[in-house]
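The structure under discussion appears below in the form of structure tokens.
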Protein chains: 2
Amino acid sequence: MAQTRWLDEQEMAAWRGFLAAGHLVARRLEQQLKDEAGLSHTQYEILVHLSAAPDGALRMADLAERLITSKSGLTYQVAQLEKAGLVGRRSCTSDVRGVFAELTEQGAAVLREAAPGHVAAVREALIDVLDREQLVVLAEALGEVSRRLRGPDRTGE
Amino acid sequence: MAQTRWLDEQEMAAWRGFLAAGHLVARRLEQQLKDEAGLSHTQYEILVHLSAAPDGALRMADLAERLITSKSGLTYQVAQLEKAGLVGRRSCTSDVRGVFAELTEQGAAVLREAAPGHVAAVREALIDVLDREQLVVLAEALGEVSRRLRGPDRTGE
DNA sequence: ACACCGTGGTTCGAATGTGAACAACCCGAT
DNA sequence: ATCGGGTTGTTCACATTCGAACCACGGTGT
């Protein structure tokens with residue numbers, strides 16, 4: 001085992017900033033959505049992804065991957081949204097096991113209602129704080145980070 | 001209410017990257033720490049902050065703010081760490097209400113043990129994925145984001 | 001047709017995180 | 001001295017999250 005390469009000052013600043021910003025932004029948005037739309041951020045994200053899907057429906061597994069959450073976690077949240085009437089379940093015709101979650105009329109309406117306030121909060125907390133160059137670098141950098149962490153671990157290949 | 005300014009493509013990429021990277025990195029580190037050190041990331045962070053404090057001790061409220069967590073959440077985690085013998089509680093002499101959490105010998109040892117693996121994971125997941133320029137921009141950008149979100153809400157003033 | 005392995009979802013138990021309500025306490029103004 | 005406001009930690013009830021166990025099914029090879 002090689003000697004540990006500790007983080008230098010800039011690296012530490014980046015790491016601390018990443019952690020802090022993550023928590024703070026998450027907290028702010030959670031609060032904003034709960035207050036203004038009665039949704040958790042996770043629930044809002046589910047509605048967004050369904051809304052963006054071709055026919056407003058996605059397979060559970062597919063949706064779970066996009067949300068970056070566990071299957072069981074998704075089952076729970078979809079159940080909540082179903083109780084609230086914002087999402088429906090439809091079984092898949094080609095695969096009996098498969099389940100589609102689909103946006104209901106009401107779900108779409110709630111999303112339309114909630115979106116402006118959410119976008120405004122995202123701008124205020126993150127986007128509008130950055131200038132264009134920072135924005136682009138951030139997108140590129142974190143995009144690459146995500147890409148590497150997604151899917152199977154190709155760490156050592 | 002002005003018309004909603006939706007996110008353009010770059011802004012959306014930055015936002016999505018931020019969200020995805022946040023989840024993915026958090027998940028990876030959580031797993032790495034649990035596997036190699038038997039600690040949650042929160043617990044690890046508590047040890048780190050205590051270790052960094054002048055005398056290895058911090059007031060609960062102070063610690064909670066640094067961790068960006070709720071007071072109640074901290075009470076819980078410190079209790080867990082106390083059960084494990086990694087942290088001790090000491091009441092404050094100047095303020096009866098005050099409680100200091102302090103790193104124990106064992107806590108310091110566990111931290112020393114866990115740190116190298118954790119730093120390596122942080123490098124692999126985030127730091128070493130970025131080049132120096134990205135790193136610096138990220139640190140600056142997210143530092144500013146954090147700074148604005150910390151402290152009191154001056155949203156409407 | 002049948003045995004097998006991988007996949008898709010759900011269920012279950014355990015661990016956390018949060019805000020509200022509390023009780024005790026510090027401090028400054030009256 | 002004491003009254004009111006803000007602090008400090010904790011307790012509590014509740015909402016989530018996650019991984020492991022599980023069940024049912026799809027596809028493939030024989």
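Here, A, B, ... name the chains of the structure tokens in the order displayed, residue numbers run from 1 inside each chain, and ligands are numbered from 1 in the same displayed order.
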
Enumerate as a ChimeraX atom specification the residues belonging to chain A that approach chain C to within 12 Å, with only C-alpha atoms (C1' of nucleotides) taken into account. /A:23,27,30-31,59-62,64,70-76,78-79,91-92,95-100

Give me a file of those residues, with N, CA, C and O atoms, as an mmCIF file, in the first residue's frame.
```cif
data_model
loop_
_atom_site.group_PDB
_atom_site.id
_atom_site.type_symbol
_atom_site.label_atom_id
_atom_site.label_comp_id
_atom_site.auth_asym_id
_atom_site.auth_seq_id
_atom_site.Cartn_x
_atom_site.Cartn_y
_atom_site.Cartn_z
ATOM 1 N N HIS A 23 -25.213 19.354 1.138
ATOM 2 C CA HIS A 23 -26.150 19.356 2.266
ATOM 3 C C HIS A 23 -27.044 20.590 2.265
ATOM 4 O O HIS A 23 -28.250 20.499 2.455
ATOM 5 N N ARG A 27 -31.024 20.682 1.647
ATOM 6 C CA ARG A 27 -31.894 21.099 2.738
ATOM 7 C C ARG A 27 -32.822 22.225 2.307
ATOM 8 O O ARG A 27 -34.013 22.217 2.569
ATOM 9 N N GLU A 30 -35.491 20.919 -0.127
ATOM 10 C CA GLU A 30 -36.445 20.062 0.586
ATOM 11 C C GLU A 30 -37.488 20.935 1.269
ATOM 12 O O GLU A 30 -38.680 20.683 1.180
ATOM 13 N N GLN A 31 -36.986 21.944 1.903
ATOM 14 C CA GLN A 31 -37.848 22.846 2.647
ATOM 15 C C GLN A 31 -38.774 23.626 1.717
ATOM 16 O O GLN A 31 -39.977 23.724 1.941
ATOM 17 N N ARG A 59 -40.601 2.213 -16.287
ATOM 18 C CA ARG A 59 -40.488 0.997 -15.493
ATOM 19 C C ARG A 59 -39.845 1.354 -14.169
ATOM 20 O O ARG A 59 -38.991 2.240 -14.098
ATOM 21 N N MET A 60 -40.194 0.653 -13.136
ATOM 22 C CA MET A 60 -39.671 0.944 -11.804
ATOM 23 C C MET A 60 -38.147 0.925 -11.779
ATOM 24 O O MET A 60 -37.511 1.833 -11.253
ATOM 25 N N ALA A 61 -37.586 -0.119 -12.317
ATOM 26 C CA ALA A 61 -36.132 -0.257 -12.281
ATOM 27 C C ALA A 61 -35.454 0.901 -13.015
ATOM 28 O O ALA A 61 -34.451 1.452 -12.551
ATOM 29 N N ASP A 62 -36.024 1.258 -14.149
ATOM 30 C CA ASP A 62 -35.498 2.352 -14.948
ATOM 31 C C ASP A 62 -35.537 3.652 -14.143
ATOM 32 O O ASP A 62 -34.553 4.393 -14.042
ATOM 33 N N ALA A 64 -35.743 3.982 -10.934
ATOM 34 C CA ALA A 64 -34.853 3.912 -9.772
ATOM 35 C C ALA A 64 -33.432 4.314 -10.161
ATOM 36 O O ALA A 64 -32.758 5.037 -9.438
ATOM 37 N N SER A 70 -32.446 3.335 -4.288
ATOM 38 C CA SER A 70 -32.586 1.883 -4.258
ATOM 39 C C SER A 70 -33.972 1.488 -4.762
ATOM 40 O O SER A 70 -34.905 2.289 -4.728
ATOM 41 N N LYS A 71 -34.097 0.254 -5.190
ATOM 42 C CA LYS A 71 -35.399 -0.223 -5.651
ATOM 43 C C LYS A 71 -36.429 -0.108 -4.541
ATOM 44 O O LYS A 71 -37.555 0.330 -4.768
ATOM 45 N N SER A 72 -36.042 -0.528 -3.365
ATOM 46 C CA SER A 72 -37.000 -0.509 -2.257
ATOM 47 C C SER A 72 -37.427 0.920 -1.913
ATOM 48 O O SER A 72 -38.592 1.174 -1.608
ATOM 49 N N GLY A 73 -36.474 1.822 -2.000
ATOM 50 C CA GLY A 73 -36.795 3.214 -1.725
ATOM 51 C C GLY A 73 -37.804 3.740 -2.719
ATOM 52 O O GLY A 73 -38.731 4.472 -2.359
ATOM 53 N N LEU A 74 -37.642 3.347 -3.960
ATOM 54 C CA LEU A 74 -38.564 3.805 -4.990
ATOM 55 C C LEU A 74 -39.951 3.220 -4.767
ATOM 56 O O LEU A 74 -40.959 3.930 -4.874
ATOM 57 N N THR A 75 -40.002 1.942 -4.447
ATOM 58 C CA THR A 75 -41.296 1.297 -4.172
ATOM 59 C C THR A 75 -42.057 2.111 -3.127
ATOM 60 O O THR A 75 -43.247 2.386 -3.281
ATOM 61 N N TYR A 76 -41.340 2.471 -2.101
ATOM 62 C CA TYR A 76 -41.964 3.247 -1.029
ATOM 63 C C TYR A 76 -42.511 4.581 -1.533
ATOM 64 O O TYR A 76 -43.664 4.931 -1.306
ATOM 65 N N VAL A 78 -43.144 5.644 -4.575
ATOM 66 C CA VAL A 78 -44.220 5.538 -5.563
ATOM 67 C C VAL A 78 -45.524 5.207 -4.850
ATOM 68 O O VAL A 78 -46.593 5.699 -5.219
ATOM 69 N N ALA A 79 -45.442 4.395 -3.812
ATOM 70 C CA ALA A 79 -46.638 4.083 -3.042
ATOM 71 C C ALA A 79 -47.212 5.357 -2.426
ATOM 72 O O ALA A 79 -48.422 5.581 -2.440
ATOM 73 N N SER A 91 -49.315 -2.510 -14.921
ATOM 74 C CA SER A 91 -48.416 -3.637 -15.144
ATOM 75 C C SER A 91 -48.038 -3.701 -16.617
ATOM 76 O O SER A 91 -48.763 -3.246 -17.494
ATOM 77 N N CYS A 92 -46.877 -4.279 -16.848
ATOM 78 C CA CYS A 92 -46.337 -4.326 -18.199
ATOM 79 C C CYS A 92 -46.907 -5.534 -18.938
ATOM 80 O O CYS A 92 -46.979 -6.638 -18.396
ATOM 81 N N ASP A 95 -44.111 -8.232 -19.929
ATOM 82 C CA ASP A 95 -43.417 -8.904 -18.830
ATOM 83 C C ASP A 95 -44.276 -8.767 -17.579
ATOM 84 O O ASP A 95 -44.413 -7.694 -17.015
ATOM 85 N N VAL A 96 -44.828 -9.873 -17.155
ATOM 86 C CA VAL A 96 -45.770 -9.849 -16.041
ATOM 87 C C VAL A 96 -45.175 -9.225 -14.784
ATOM 88 O O VAL A 96 -45.873 -8.616 -13.994
ATOM 89 N N ARG A 97 -43.869 -9.399 -14.614
ATOM 90 C CA ARG A 97 -43.239 -8.861 -13.416
ATOM 91 C C ARG A 97 -43.144 -7.351 -13.460
ATOM 92 O O ARG A 97 -43.133 -6.667 -12.456
ATOM 93 N N GLY A 98 -43.018 -6.837 -14.666
ATOM 94 C CA GLY A 98 -42.763 -5.416 -14.840
ATOM 95 C C GLY A 98 -43.890 -4.522 -14.349
ATOM 96 O O GLY A 98 -45.050 -4.878 -14.425
ATOM 97 N N VAL A 99 -43.522 -3.377 -13.826
ATOM 98 C CA VAL A 99 -44.506 -2.403 -13.380
ATOM 99 C C VAL A 99 -44.127 -1.037 -13.934
ATOM 100 O O VAL A 99 -42.968 -0.625 -13.840
ATOM 101 N N PHE A 100 -45.087 -0.376 -14.524
ATOM 102 C CA PHE A 100 -44.867 0.993 -14.971
ATOM 103 C C PHE A 100 -45.439 1.944 -13.944
ATOM 104 O O PHE A 100 -46.533 1.714 -13.420
#
```

Determine, using only C-alpha atoms, which residues of chain A have any atom at most 6 Å from an atom of chain B, and tabulate each with its shortest atom pair and distance in Å to one decimal place, rows ordered by chain and then rising number, as CSV.
```
residue,atom,partner,partner_atom,distance
A:Thr4,CA,B:Pro116,CA,5.8
A:Ala13,CA,B:Ala139,CA,5.4
A:Ala14,CA,B:Ala139,CA,3.8
A:Gly17,CA,B:Gly143,CA,4.9
A:Ala21,CA,B:Ser146,CA,4.9
A:Pro116,CA,B:Thr4,CA,5.8
A:Leu138,CA,B:Ala14,CA,5.9
A:Ala139,CA,B:Ala14,CA,3.8
A:Leu142,CA,B:Gly17,CA,5.0
A:Gly143,CA,B:Gly17,CA,4.9
A:Ser146,CA,B:Ala21,CA,4.9
```

Please identify every residue of chain D that has at least one atom no more than 12 Å from any atom of chain B, counting only C-alpha atoms (C1' of nucleotides), and report them as a list in words.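 Taking only C-alpha atoms (C1' of nucleotides) into account, DT7, DT8, DG9, DT10, DT11, DC12, DT17, DC18 and DG19 of chain D sit within 12 Å of chain B.
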
Could you dump the residues just selected with C-alpha atoms (C1' of nucleotides) as a PDB file, in the first residue's frame?
```
ATOM      1  C1'  DT D   7     -29.855  29.384  23.748  1.00  0.00           C
ATOM      2  C1'  DT D   8     -28.655  24.563  24.564  1.00  0.00           C
ATOM      3  C1'  DG D   9     -29.486  19.723  24.372  1.00  0.00           C
ATOM      4  C1'  DT D  10     -32.638  16.127  24.565  1.00  0.00           C
ATOM      5  C1'  DT D  11     -36.783  13.584  23.727  1.00  0.00           C
ATOM      6  C1'  DC D  12     -40.399  12.175  20.683  1.00  0.00           C
ATOM      7  C1'  DT D  17     -33.608   5.188   3.113  1.00  0.00           C
ATOM      8  C1'  DC D  18     -31.161   1.074   2.439  1.00  0.00           C
ATOM      9  C1'  DG D  19     -29.794  -3.823   1.921  1.00  0.00           C
TER      10       DG D  19
END
```

So which residues of stretch 14-128 of chain A fall under helix (DSSP H, G or I) by DSSP, listed as a ChimeraX atom specification? /A:14-37,41-52,60-67,71-83,105-125,127-128

If you run DSSP on the backbone here, which positions in stretch 16-150 of chain A get strand (DSSP E)? Please write them as a ChimeraX atom specification.
/A:57-59,87-91,99-103

May I have the selected residues written with N, CA and C atoms, as a PDB file, in the first residue's frame?
```pdb
ATOM      1  N   ALA A  57     -44.611   7.520 -18.516  1.00  0.00           N
ATOM      2  CA  ALA A  57     -44.523   6.295 -17.726  1.00  0.00           C
ATOM      3  C   ALA A  57     -43.136   5.691 -17.843  1.00  0.00           C
ATOM      4  N   LEU A  58     -42.699   5.055 -16.771  1.00  0.00           N
ATOM      5  CA  LEU A  58     -41.381   4.419 -16.767  1.00  0.00           C
ATOM      6  C   LEU A  58     -41.441   3.153 -15.933  1.00  0.00           C
ATOM      7  N   ARG A  59     -40.601   2.213 -16.287  1.00  0.00           N
ATOM      8  CA  ARG A  59     -40.488   0.997 -15.493  1.00  0.00           C
ATOM      9  C   ARG A  59     -39.845   1.354 -14.169  1.00  0.00           C
ATOM     10  N   VAL A  87     -49.545   9.580  -9.050  1.00  0.00           N
ATOM     11  CA  VAL A  87     -48.904   8.586  -9.891  1.00  0.00           C
ATOM     12  C   VAL A  87     -49.752   7.312  -9.877  1.00  0.00           C
ATOM     13  N   GLY A  88     -49.750   6.614 -10.982  1.00  0.00           N
ATOM     14  CA  GLY A  88     -50.488   5.358 -11.032  1.00  0.00           C
ATOM     15  C   GLY A  88     -49.549   4.222 -11.373  1.00  0.00           C
ATOM     16  N   ARG A  89     -49.989   3.001 -11.109  1.00  0.00           N
ATOM     17  CA  ARG A  89     -49.181   1.835 -11.472  1.00  0.00           C
ATOM     18  C   ARG A  89     -49.913   1.088 -12.574  1.00  0.00           C
ATOM     19  N   ARG A  90     -49.141   0.611 -13.510  1.00  0.00           N
ATOM     20  CA  ARG A  90     -49.745  -0.165 -14.578  1.00  0.00           C
ATOM     21  C   ARG A  90     -48.788  -1.320 -14.838  1.00  0.00           C
ATOM     22  N   SER A  91     -49.315  -2.510 -14.921  1.00  0.00           N
ATOM     23  CA  SER A  91     -48.416  -3.637 -15.144  1.00  0.00           C
ATOM     24  C   SER A  91     -48.038  -3.701 -16.617  1.00  0.00           C
ATOM     25  N   VAL A  99     -43.522  -3.377 -13.826  1.00  0.00           N
ATOM     26  CA  VAL A  99     -44.506  -2.403 -13.380  1.00  0.00           C
ATOM     27  C   VAL A  99     -44.127  -1.037 -13.934  1.00  0.00           C
ATOM     28  N   PHE A 100     -45.087  -0.376 -14.524  1.00  0.00           N
ATOM     29  CA  PHE A 100     -44.867   0.993 -14.971  1.00  0.00           C
ATOM     30  C   PHE A 100     -45.439   1.944 -13.944  1.00  0.00           C
ATOM     31  N   ALA A 101     -44.709   2.980 -13.668  1.00  0.00           N
ATOM     32  CA  ALA A 101     -45.269   4.071 -12.883  1.00  0.00           C
ATOM     33  C   ALA A 101     -45.624   5.132 -13.899  1.00  0.00           C
ATOM     34  N   GLU A 102     -46.827   5.651 -13.803  1.00  0.00           N
ATOM     35  CA  GLU A 102     -47.196   6.672 -14.788  1.00  0.00           C
ATOM     36  C   GLU A 102     -47.800   7.885 -14.108  1.00  0.00           C
ATOM     37  N   LEU A 103     -47.522   9.012 -14.682  1.00  0.00           N
ATOM     38  CA  LEU A 103     -48.017  10.275 -14.156  1.00  0.00           C
ATOM     39  C   LEU A 103     -49.524  10.354 -14.389  1.00  0.00           C
TER      40      LEU A 103
END
```
